[in-house]
$ cat upload.cif   # mmCIF, C-alpha atoms and all ligand atoms
data_entry
#
loop_
_atom_site.label_atom_id
_atom_site.label_comp_id
_atom_site.auth_asym_id
_atom_site.auth_seq_id
_atom_site.Cartn_x
_atom_site.Cartn_y
_atom_site.Cartn_z
CA MET C 1 -3.46 -32.32 -2.53
CA ILE C 2 -1.60 -32.82 0.75
CA VAL C 3 -0.44 -36.36 1.52
CA ILE C 4 0.16 -36.91 5.24
CA MET C 5 2.46 -39.83 5.95
CA ASP C 6 2.10 -42.21 8.87
CA GLU C 7 4.37 -41.53 11.81
CA GLN C 8 6.00 -44.93 11.19
CA ALA C 9 6.21 -44.54 7.40
CA ASP C 10 9.75 -45.04 6.11
CA GLU C 11 11.67 -43.44 3.28
CA GLN C 12 10.59 -46.26 0.94
CA ALA C 13 6.88 -45.52 1.46
CA ARG C 14 7.48 -41.84 0.76
CA GLU C 15 9.48 -42.61 -2.40
CA ALA C 16 6.68 -44.90 -3.60
CA VAL C 17 4.13 -42.08 -3.28
CA LEU C 18 6.48 -39.67 -5.05
CA ALA C 19 6.92 -42.22 -7.87
CA VAL C 20 3.14 -42.58 -8.36
CA LEU C 21 2.74 -38.79 -8.43
CA SER C 22 5.65 -38.38 -10.80
CA ALA C 23 4.30 -41.09 -13.18
CA ALA C 24 1.07 -39.05 -13.32
CA GLY C 25 3.12 -35.97 -14.25
CA THR C 26 2.62 -34.33 -10.83
CA GLY C 27 5.58 -32.84 -8.97
CA ALA C 28 5.53 -32.79 -5.17
CA PHE C 29 7.15 -30.86 -2.37
CA ALA C 30 8.29 -32.84 0.68
CA THR C 31 7.99 -31.14 4.06
CA ARG C 32 7.25 -31.69 7.75
CA GLN C 33 4.55 -30.14 9.92
CA ARG C 34 4.30 -30.85 13.64
CA ASP C 35 6.75 -33.73 13.24
CA ARG C 36 4.67 -35.32 10.50
CA ALA C 37 6.22 -35.93 7.08
CA MET C 38 4.01 -34.78 4.24
CA LEU C 39 4.07 -34.38 0.50
CA ILE C 40 2.35 -31.45 -1.12
CA ALA C 41 1.41 -32.18 -4.71
CA GLU C 42 1.60 -29.44 -7.31
CA GLY C 43 -1.58 -28.72 -9.22
CA GLU C 44 -4.85 -30.49 -8.59
CA PRO C 45 -4.59 -34.27 -9.07
CA ALA C 46 -7.50 -36.27 -10.49
CA THR C 47 -9.81 -38.02 -8.02
CA SER C 48 -8.62 -41.45 -9.17
CA LEU C 49 -4.99 -40.51 -8.43
CA ALA C 50 -5.98 -39.17 -4.99
CA GLU C 51 -7.80 -42.44 -4.25
CA THR C 52 -4.81 -44.54 -5.35
CA ILE C 53 -2.47 -42.59 -3.10
CA ALA C 54 -4.84 -42.65 -0.12
CA ALA C 55 -4.71 -46.47 -0.25
CA MET C 56 -0.90 -46.73 -0.39
CA PRO C 57 1.13 -48.14 2.50
CA GLY C 58 2.49 -45.48 4.88
CA VAL C 59 -0.15 -42.90 3.92
CA ALA C 60 -2.11 -41.67 6.96
CA GLY C 61 -4.47 -39.50 4.97
CA ILE C 62 -4.89 -37.02 2.16
CA THR C 63 -6.53 -33.63 2.04
CA VAL C 64 -7.54 -32.20 -1.28
CA VAL C 65 -7.16 -28.43 -1.08
CA PRO C 66 -8.28 -26.49 -4.15
CA GLY C 67 -6.24 -23.49 -5.30
CA THR C 68 -2.63 -22.58 -4.61
CA HIS C 69 -2.93 -22.09 -0.86
CA ARG C 70 -2.52 -25.40 0.89
CA LEU C 71 -1.19 -25.36 4.46
CA THR C 72 -2.53 -21.85 5.10
CA SER C 73 -6.01 -22.79 3.93
CA ARG C 74 -9.17 -23.42 5.95
CA ALA C 75 -9.80 -26.43 3.72
CA TYR C 76 -6.64 -28.01 5.14
CA GLN C 77 -7.33 -26.92 8.71
CA PRO C 78 -10.89 -25.79 9.48
CA ALA C 79 -10.18 -24.75 13.09
CA ASP C 80 -8.39 -21.49 13.94
CA SER C 81 -4.65 -21.85 14.55
CA VAL C 82 -3.39 -20.77 17.92
CA VAL C 83 0.22 -19.64 17.83
CA GLN C 84 1.78 -20.05 21.24
CA VAL C 85 4.44 -17.43 21.99
CA SER C 86 5.87 -18.16 25.41
CA ASP C 87 2.83 -17.71 27.73
CA VAL C 88 0.79 -15.83 25.12
CA ALA C 89 -1.72 -17.57 22.85
CA VAL C 90 -2.17 -15.62 19.61
CA GLY C 91 -5.41 -16.55 17.89
CA GLY C 92 -6.90 -18.26 20.91
CA GLY C 93 -9.81 -15.78 21.22
CA ASP C 94 -8.18 -13.26 23.57
CA PHE C 95 -6.90 -10.01 22.06
CA VAL C 96 -3.11 -9.75 22.11
CA VAL C 97 -1.39 -6.35 22.33
CA ALA C 98 2.24 -5.96 21.28
CA ALA C 99 3.63 -2.52 22.10
CA GLY C 100 6.95 -0.72 22.21
CA PRO C 101 9.11 1.67 20.26
CA CYS C 102 9.44 1.45 16.51
CA ALA C 103 13.21 1.18 16.99
CA VAL C 104 15.36 0.24 19.96
CA GLU C 105 17.38 3.45 20.43
CA SER C 106 19.10 2.93 23.78
CA ARG C 107 18.86 0.81 26.94
CA GLU C 108 17.16 3.71 28.81
CA GLN C 109 14.64 4.46 26.05
CA LEU C 110 13.61 0.81 25.73
CA SER C 111 13.48 0.23 29.46
CA ARG C 112 11.17 3.23 30.03
CA VAL C 113 8.70 2.11 27.38
CA ALA C 114 8.91 -1.59 28.27
CA SER C 115 8.06 -0.99 31.95
CA ALA C 116 5.22 1.35 31.01
CA VAL C 117 3.59 -0.96 28.47
CA ALA C 118 4.04 -3.98 30.76
CA ALA C 119 2.37 -2.06 33.59
CA SER C 120 -0.57 -1.26 31.30
CA GLY C 121 -1.00 -4.94 30.41
CA ALA C 122 0.74 -5.32 27.03
CA THR C 123 1.35 -8.99 26.25
CA MET C 124 4.31 -8.53 23.92
CA LEU C 125 7.15 -6.03 23.59
CA ARG C 126 8.01 -4.75 20.11
CA GLY C 127 11.20 -2.97 19.08
CA GLY C 128 13.22 -2.98 15.87
CA ALA C 129 16.96 -3.60 16.11
CA PHE C 130 17.43 -3.97 12.35
CA LYS C 131 15.45 -1.22 10.62
CA PRO C 132 14.46 -1.35 6.95
CA ARG C 133 14.66 2.38 6.21
CA THR C 134 13.66 3.96 2.92
CA SER C 135 16.71 6.24 3.01
CA PRO C 136 20.21 4.84 3.59
CA TYR C 137 20.97 7.99 5.62
CA SER C 138 18.23 7.35 8.21
CA PHE C 139 18.91 5.55 11.52
CA GLN C 140 19.38 1.88 10.63
CA GLY C 141 18.94 0.44 14.12
CA LEU C 142 21.37 -0.79 16.79
CA GLY C 143 21.64 -4.28 15.27
CA PHE C 144 22.75 -7.04 17.64
CA ASP C 145 23.27 -4.56 20.51
CA GLY C 146 19.59 -3.67 20.20
CA LEU C 147 18.65 -7.35 20.31
CA GLU C 148 20.55 -7.76 23.57
CA MET C 149 18.64 -4.82 25.04
CA LEU C 150 15.36 -6.42 24.00
CA ALA C 151 16.36 -9.72 25.60
CA GLU C 152 17.28 -7.85 28.80
CA GLN C 153 13.83 -6.26 28.95
CA ARG C 154 12.25 -9.65 28.38
CA SER C 155 13.97 -10.94 31.49
CA HIS C 156 12.96 -7.82 33.49
CA THR C 157 9.32 -7.74 32.49
CA ALA C 158 8.73 -11.40 31.51
CA ILE C 159 7.06 -10.17 28.32
CA PRO C 160 7.85 -12.04 25.08
CA THR C 161 9.44 -9.95 22.34
CA VAL C 162 8.92 -9.39 18.63
CA THR C 163 11.59 -7.89 16.37
CA GLU C 164 12.29 -7.64 12.67
CA VAL C 165 14.78 -9.82 10.84
CA LEU C 166 16.09 -8.43 7.55
CA GLU C 167 18.46 -11.08 6.28
CA PRO C 168 18.28 -14.87 5.90
CA ALA C 169 21.75 -15.17 7.45
CA HIS C 170 20.50 -13.46 10.64
CA VAL C 171 17.45 -15.66 11.24
CA GLN C 172 19.06 -18.10 13.69
CA ARG C 173 20.70 -15.37 15.77
CA VAL C 174 17.64 -13.16 15.92
CA ALA C 175 15.61 -16.22 16.98
CA GLU C 176 17.97 -16.72 19.92
CA PHE C 177 17.17 -13.21 21.20
CA ALA C 178 13.50 -12.74 20.38
CA ASP C 179 10.31 -14.79 20.72
CA VAL C 180 8.80 -13.75 17.37
CA LEU C 181 10.59 -13.03 14.08
CA GLN C 182 8.96 -10.11 12.28
CA ILE C 183 9.13 -10.05 8.49
CA GLY C 184 8.35 -6.52 7.41
CA THR C 185 6.20 -5.19 4.61
CA ARG C 186 9.23 -4.57 2.39
CA ASN C 187 10.35 -8.19 2.72
CA MET C 188 7.02 -9.96 2.34
CA GLN C 189 8.24 -11.47 -0.92
CA ASN C 190 11.87 -11.98 0.06
CA PHE C 191 11.64 -15.71 -0.62
CA PRO C 192 15.06 -16.72 0.78
CA LEU C 193 14.09 -14.94 4.04
CA LEU C 194 10.66 -16.64 4.12
CA ARG C 195 12.28 -20.06 3.59
CA GLU C 196 14.86 -19.53 6.33
CA ALA C 197 12.25 -18.22 8.77
CA GLY C 198 10.13 -21.31 8.04
CA ARG C 199 13.08 -23.64 8.65
CA SER C 200 13.76 -22.01 12.03
CA GLY C 201 10.39 -23.26 13.35
CA HIS C 202 10.22 -20.01 15.37
CA PRO C 203 6.96 -17.99 15.47
CA VAL C 204 6.86 -15.52 12.56
CA LEU C 205 4.88 -12.28 12.29
CA LEU C 206 4.38 -11.79 8.55
CA LYS C 207 3.38 -8.27 7.60
CA ARG C 208 1.39 -7.68 4.45
CA GLY C 209 3.40 -6.08 1.65
CA PHE C 210 2.07 -2.56 1.15
CA ALA C 211 1.38 -3.34 -2.49
CA ALA C 212 0.40 -6.98 -2.01
CA THR C 213 -2.98 -8.57 -2.53
CA VAL C 214 -4.40 -10.93 0.10
CA GLU C 215 -3.65 -13.76 -2.32
CA GLU C 216 0.05 -12.81 -2.51
CA TRP C 217 0.24 -12.32 1.25
CA LEU C 218 -1.13 -15.82 1.90
CA SER C 219 1.28 -17.26 -0.68
CA SER C 220 4.14 -15.77 1.33
CA ALA C 221 2.73 -17.37 4.50
CA GLU C 222 2.56 -20.63 2.54
CA TYR C 223 6.33 -20.34 1.85
CA ILE C 224 7.03 -20.12 5.59
CA MET C 225 4.73 -23.02 6.40
CA CYS C 226 5.87 -25.39 3.67
CA HIS C 227 9.44 -24.95 4.89
CA GLY C 228 8.52 -26.36 8.26
CA SER C 229 6.89 -23.76 10.50
CA ASP C 230 3.30 -23.95 11.64
CA ARG C 231 3.56 -20.80 13.76
CA VAL C 232 2.69 -17.91 11.45
CA ILE C 233 0.84 -14.77 12.56
CA LEU C 234 -0.34 -12.42 9.81
CA CYS C 235 -0.28 -8.64 10.24
CA GLU C 236 -2.31 -6.14 8.20
CA ARG C 237 -0.37 -2.87 8.23
CA GLY C 238 -1.94 -0.80 5.51
CA ILE C 239 -1.60 -0.73 1.75
CA ARG C 240 -0.60 2.08 -0.56
CA SER C 241 -3.45 4.05 -2.04
CA TYR C 242 -3.90 7.52 -3.57
CA GLU C 243 -4.89 8.97 -0.17
CA PRO C 244 -2.18 11.12 1.46
CA ALA C 245 -4.14 11.92 4.67
CA THR C 246 -2.76 8.70 6.13
CA ARG C 247 0.67 7.13 5.55
CA PHE C 248 -0.99 3.98 4.17
CA THR C 249 -4.63 2.93 3.93
CA LEU C 250 -5.53 0.39 6.61
CA ASP C 251 -7.40 -2.41 4.87
CA LEU C 252 -9.70 -3.51 7.67
CA SER C 253 -11.72 -5.67 5.29
CA ALA C 254 -8.65 -7.85 4.87
CA ILE C 255 -9.20 -9.21 8.40
CA PRO C 256 -12.53 -11.01 7.76
CA VAL C 257 -11.38 -11.84 4.21
CA VAL C 258 -8.25 -13.60 5.50
CA LYS C 259 -10.14 -15.26 8.34
CA ARG C 260 -12.50 -16.81 5.83
CA LEU C 261 -9.66 -18.12 3.66
CA SER C 262 -7.15 -19.10 6.31
CA HIS C 263 -6.92 -20.51 9.83
CA LEU C 264 -3.94 -18.29 10.70
CA PRO C 265 -4.26 -15.55 13.34
CA VAL C 266 -4.29 -11.97 12.01
CA ILE C 267 -3.29 -8.85 13.91
CA VAL C 268 -3.33 -5.18 12.88
CA ASP C 269 -0.60 -2.51 12.99
CA PRO C 270 -2.51 0.78 13.24
CA SER C 271 0.71 2.80 13.75
CA HIS C 272 2.49 2.01 10.50
CA ALA C 273 -0.81 2.10 8.61
CA ALA C 274 -1.85 5.55 9.80
CA GLY C 275 1.51 7.19 10.35
CA ARG C 276 -0.24 9.61 12.74
CA ALA C 277 -0.53 9.16 16.51
CA TYR C 278 -4.10 10.50 16.73
CA LEU C 279 -5.36 7.69 14.49
CA VAL C 280 -3.89 4.85 16.53
CA ARG C 281 -6.73 4.66 19.07
CA PRO C 282 -9.69 4.65 16.65
CA LEU C 283 -7.97 2.16 14.32
CA SER C 284 -7.03 -0.12 17.24
CA LEU C 285 -10.64 -0.19 18.43
CA ALA C 286 -11.79 -0.85 14.87
CA ALA C 287 -9.31 -3.75 14.65
CA ALA C 288 -10.86 -5.28 17.75
CA ALA C 289 -14.37 -4.74 16.39
CA VAL C 290 -13.60 -6.30 13.00
CA GLY C 291 -12.32 -9.52 14.60
CA ALA C 292 -8.54 -9.16 14.59
CA ASP C 293 -6.60 -11.31 17.04
CA GLY C 294 -4.58 -8.37 18.30
CA ILE C 295 -2.61 -5.25 17.46
CA ILE C 296 1.02 -4.15 17.36
CA VAL C 297 1.45 -0.52 18.39
CA ASP C 298 4.32 2.00 18.42
CA VAL C 299 4.75 3.57 21.88
CA HIS C 300 7.48 6.06 22.83
CA ALA C 301 8.12 8.00 26.05
CA ASP C 302 9.15 11.06 24.03
CA PRO C 303 7.96 10.76 20.40
CA GLN C 304 9.50 14.12 19.45
CA SER C 305 12.96 12.73 20.04
CA ALA C 306 12.30 9.35 18.37
CA LEU C 307 14.92 8.26 15.82
CA CYS C 308 12.29 6.48 13.76
CA ASP C 309 8.57 7.05 13.09
CA GLY C 310 7.99 9.50 15.97
CA GLY C 311 4.89 10.94 14.29
CA GLN C 312 2.95 7.72 14.73
CA ALA C 313 4.09 6.80 18.26
CA ILE C 314 1.64 7.28 21.13
CA VAL C 315 2.91 8.25 24.58
CA CYS C 316 2.78 5.80 27.51
CA ASP C 317 -0.26 7.44 29.17
CA ASP C 318 -2.25 7.29 25.93
CA PHE C 319 -1.31 3.64 25.65
CA ALA C 320 -2.68 2.97 29.15
CA GLU C 321 -5.92 4.67 28.14
CA LEU C 322 -6.06 2.73 24.89
CA MET C 323 -5.84 -0.54 26.84
CA GLU C 324 -8.85 0.53 28.95
CA ALA C 325 -10.85 1.47 25.86
CA LEU C 326 -9.94 -1.86 24.21
CA GLU C 327 -11.14 -3.73 27.27
CA ARG C 328 -14.53 -2.01 26.98
CA VAL C 329 -14.92 -2.64 23.24
CA LEU C 330 -13.80 -6.26 23.57
CA GLY C 331 -16.14 -6.73 26.54
CA ALA C 332 -19.08 -5.55 24.43
CA LEU C 333 -18.13 -8.23 21.88
CA GLY C 334 -17.80 -10.97 24.49
CA ARG C 335 -14.02 -10.99 24.17
CA SER C 336 -11.14 -10.07 26.50
CA LEU C 337 -7.63 -8.75 26.44
CA ALA C 338 -5.01 -11.50 26.64
CA LYS C 339 -3.23 -11.47 30.01
CA LEU C 340 0.26 -12.63 30.86
CA PRO C 341 0.12 -14.82 33.95
CA SER C 342 3.80 -14.43 34.61
CA ALA C 343 4.23 -10.70 33.86
CA VAL C 344 6.27 -9.00 36.50
CA ARG C 345 5.07 -5.43 36.45
CA ARG C 346 8.01 -3.65 37.91
CA PRO C 347 10.35 -1.06 36.44
CA GLY C 348 13.16 -2.79 34.52
C1 LIG P 1 7.93 -1.99 11.89
O1 LIG P 1 6.97 -2.57 12.41
O2 LIG P 1 8.88 -1.53 12.54
C2 LIG P 1 7.95 -1.80 10.42
C3 LIG P 1 9.03 -1.38 9.79
O3 LIG P 1 6.77 -2.09 9.86
P1 LIG P 1 6.39 -2.29 8.30
O4 LIG P 1 7.29 -3.39 7.82
O5 LIG P 1 4.95 -2.66 8.37
O6 LIG P 1 6.63 -0.96 7.64
MN MN P 2 8.44 2.05 12.02
#
$ encode --input "upload.cif" --output "structure tokens"
Amino acid sequence: MIVIMDEQADEQAREAVLAVLSAAGTGAFATRQRDRAMLIAEGEPATSLAETIAAMPGVAGITVVPGTHRLTSRAYQPADSVVQVSDVAVGGGDFVVAAGPCAVESREQLSRVASAVAASGATMLRGGAFKPRTSPYSFQGLGFDGLEMLAEQRSHTAIPTVTEVLEPAHVQRVAEFADVLQIGTRNMQNFPLLREAGRSGHPVLLKRGFAATVEEWLSSAEYIMCHGSDRVILCERGIRSYEPATRFTLDLSAIPVVKRLSHLPVIVDPSHAAGRAYLVRPLSLAAAAVGADGIIVDVHADPQSALCDGGQAIVCDDFAELMEALERVLGALGRSLAKLPSAVRRPG
């Protein structure tokens, strides 16, 4: 049960609700969503308790949401969420394309890719400055220098940026440089990081853990939301299976499954799922066809020289072609590519 307090409700009213819940043996979690104070009760309270609370002073309304997913659930919010990222609406019907290198490697490398993807109509620039690498001896990213390069490209191309944050202590600083905080597959259940990202109120791109069920993935989104953010974008990026022909197995069924359970927008990362450049185009088109709200794609001007994940990066010309193919598939479905009204398509 979610208890939404009146805008004018004071501390006393909130304490009174907590006391009634506590007397009934029900704990509650106090939070805020869109400037509204709310209390999220643990468990599923009896109808009589729900009715008592609904009638209490300071209570604007209650929503009874079955199961453990509350704020992420369609029962709480039947309409699709639209996450506004600068000028880009994610989940608003138009298909959003985030593109860029897996890792920011240098000012020149990022600038080449950023201008190319902007010119082809990408609506977000991706690029990792803090890289979660399996081996400690692999390139770990340029850190804060990389973030500055991303911010520079944002001012050149007017495209919002998405980048990964690895540590709770970095959340505030990364949020100053980038428009979307990415939480990677390896950190999907890093609860301190989820809490801190939620408290920042910044848009968060939450990737699915590669061994996580949809249920666990939504629980992680719930962590972010119950700590104060209502701007979560989910990202399916493949799960581990026994099949070695692809790096991971892209779970396309997760898109309609999640859309049925949750109002949150869902995008697809075909690059990290497939691990092979030739699979990026067919999987991107499939993502559009299955109802995803967008994709996030690795693009590199010279994949052979990439310091991270070169095998899955497509070159800039192939990206331009992919955008044309997406436009055709989306058109057949009565949808369109998202466009950036303010994008300045000039070399940065
Ligand atoms: C990435 O997008 O750079 C990345 C590391 O992805 P994932 O967390 O899905 O492996
Ligand atoms: Mn990568």
$ closest_residue --input "upload.cif" --among "C:Arg195, C:Arg237, C:His227, C:His170" --to "ligand MN 2 (chain P)" --atoms "all atoms listed in the file"
C:Arg237
$ closest_residue --input "upload.cif" --among "C:Leu340, C:Leu234, C:Ala98, C:Met323" --to "C:Ile296" --atoms "only C-alpha atoms"
C:Ala98
$ residues_near_ligand --input "upload.cif" --ligand "ligand MN 2 (chain P)" --cutoff "9 Å" --atoms "only C-alpha atoms and all ligand atoms" --output "number ranges by chain"
C: 101-103, 128, 131-133, 271-272, 275, 298, 308-310, 312-313
$ closest_residue --input "upload.cif" --among "C:His156, C:Arg32, C:Arg240, C:Arg173" --to "ligand LIG 1 (chain P)" --atoms "only C-alpha atoms and all ligand atoms"
C:Arg240
$ residues_around --input "upload.cif" --residues "stretch 214-216 of chain C" --least-positions-apart "2" --cutoff "10 Å" --atoms "all atoms listed in the file" --output "short mmCIF file (atom, residue, chain, number, x, y, z; two decimals) with C-alpha atoms, keeping the file's coordinate frame"
data_model
loop_
_atom_site.label_atom_id
_atom_site.label_comp_id
_atom_site.auth_asym_id
_atom_site.auth_seq_id
_atom_site.Cartn_x
_atom_site.Cartn_y
_atom_site.Cartn_z
CA THR C 68 -2.63 -22.58 -4.61
CA HIS C 69 -2.93 -22.09 -0.86
CA MET C 188 7.02 -9.96 2.34
CA GLN C 189 8.24 -11.47 -0.92
CA ARG C 208 1.39 -7.68 4.45
CA GLY C 209 3.40 -6.08 1.65
CA ALA C 211 1.38 -3.34 -2.49
CA ALA C 212 0.40 -6.98 -2.01
CA LEU C 218 -1.13 -15.82 1.90
CA SER C 219 1.28 -17.26 -0.68
CA SER C 220 4.14 -15.77 1.33
CA ALA C 221 2.73 -17.37 4.50
CA GLU C 222 2.56 -20.63 2.54
CA GLU C 236 -2.31 -6.14 8.20
CA ALA C 254 -8.65 -7.85 4.87
CA ILE C 255 -9.20 -9.21 8.40
CA VAL C 257 -11.38 -11.84 4.21
CA VAL C 258 -8.25 -13.60 5.50
CA LEU C 261 -9.66 -18.12 3.66
#
$ residues_near_point --input "upload.cif" --point "(3.5, -35.6, 1.1)" --cutoff "6 Å" --atoms "only C-alpha atoms" --output "PDB file with C-alpha atoms, in the frame of the given file"
ATOM      1  CA  ILE C   2      -1.600 -32.820   0.750  1.00  0.00           C
ATOM      2  CA  VAL C   3      -0.440 -36.360   1.520  1.00  0.00           C
ATOM      3  CA  ILE C   4       0.160 -36.910   5.240  1.00  0.00           C
ATOM      4  CA  ALA C  30       8.290 -32.840   0.680  1.00  0.00           C
ATOM      5  CA  MET C  38       4.010 -34.780   4.240  1.00  0.00           C
ATOM      6  CA  LEU C  39       4.070 -34.380   0.500  1.00  0.00           C
ATOM      7  CA  ILE C  40       2.350 -31.450  -1.120  1.00  0.00           C
TER       8      ILE C  40
END
$ residues_around --input "upload.cif" --residues "C:Gly331" --least-positions-apart "6" --cutoff "12 Å" --atoms "only C-alpha atoms" --output "ChimeraX atom specification"
/C:94-95,285,288-289,324-325,337
$ write_last_selection --input "upload.cif" --atoms "C-alpha atoms" --output "PDB file, keeping the file's coordinate frame"
ATOM      1  CA  ASP C  94      -8.180 -13.260  23.570  1.00  0.00           C
ATOM      2  CA  PHE C  95      -6.900 -10.010  22.060  1.00  0.00           C
ATOM      3  CA  LEU C 285     -10.640  -0.190  18.430  1.00  0.00           C
ATOM      4  CA  ALA C 288     -10.860  -5.280  17.750  1.00  0.00           C
ATOM      5  CA  ALA C 289     -14.370  -4.740  16.390  1.00  0.00           C
ATOM      6  CA  GLU C 324      -8.850   0.530  28.950  1.00  0.00           C
ATOM      7  CA  ALA C 325     -10.850   1.470  25.860  1.00  0.00           C
ATOM      8  CA  LEU C 337      -7.630  -8.750  26.440  1.00  0.00           C
TER       9      LEU C 337
END
$ closest_residue --input "upload.cif" --among "C:Val65, C:Arg107, C:Ala99, C:Val59" --to "C:Phe319" --atoms "all atoms listed in the file"
C:Ala99
$ closest_residue --input "upload.cif" --among "C:Ala245, C:Leu322, C:Met124, C:Ile267" --to "C:Ala158" --atoms "only C-alpha atoms"
C:Met124
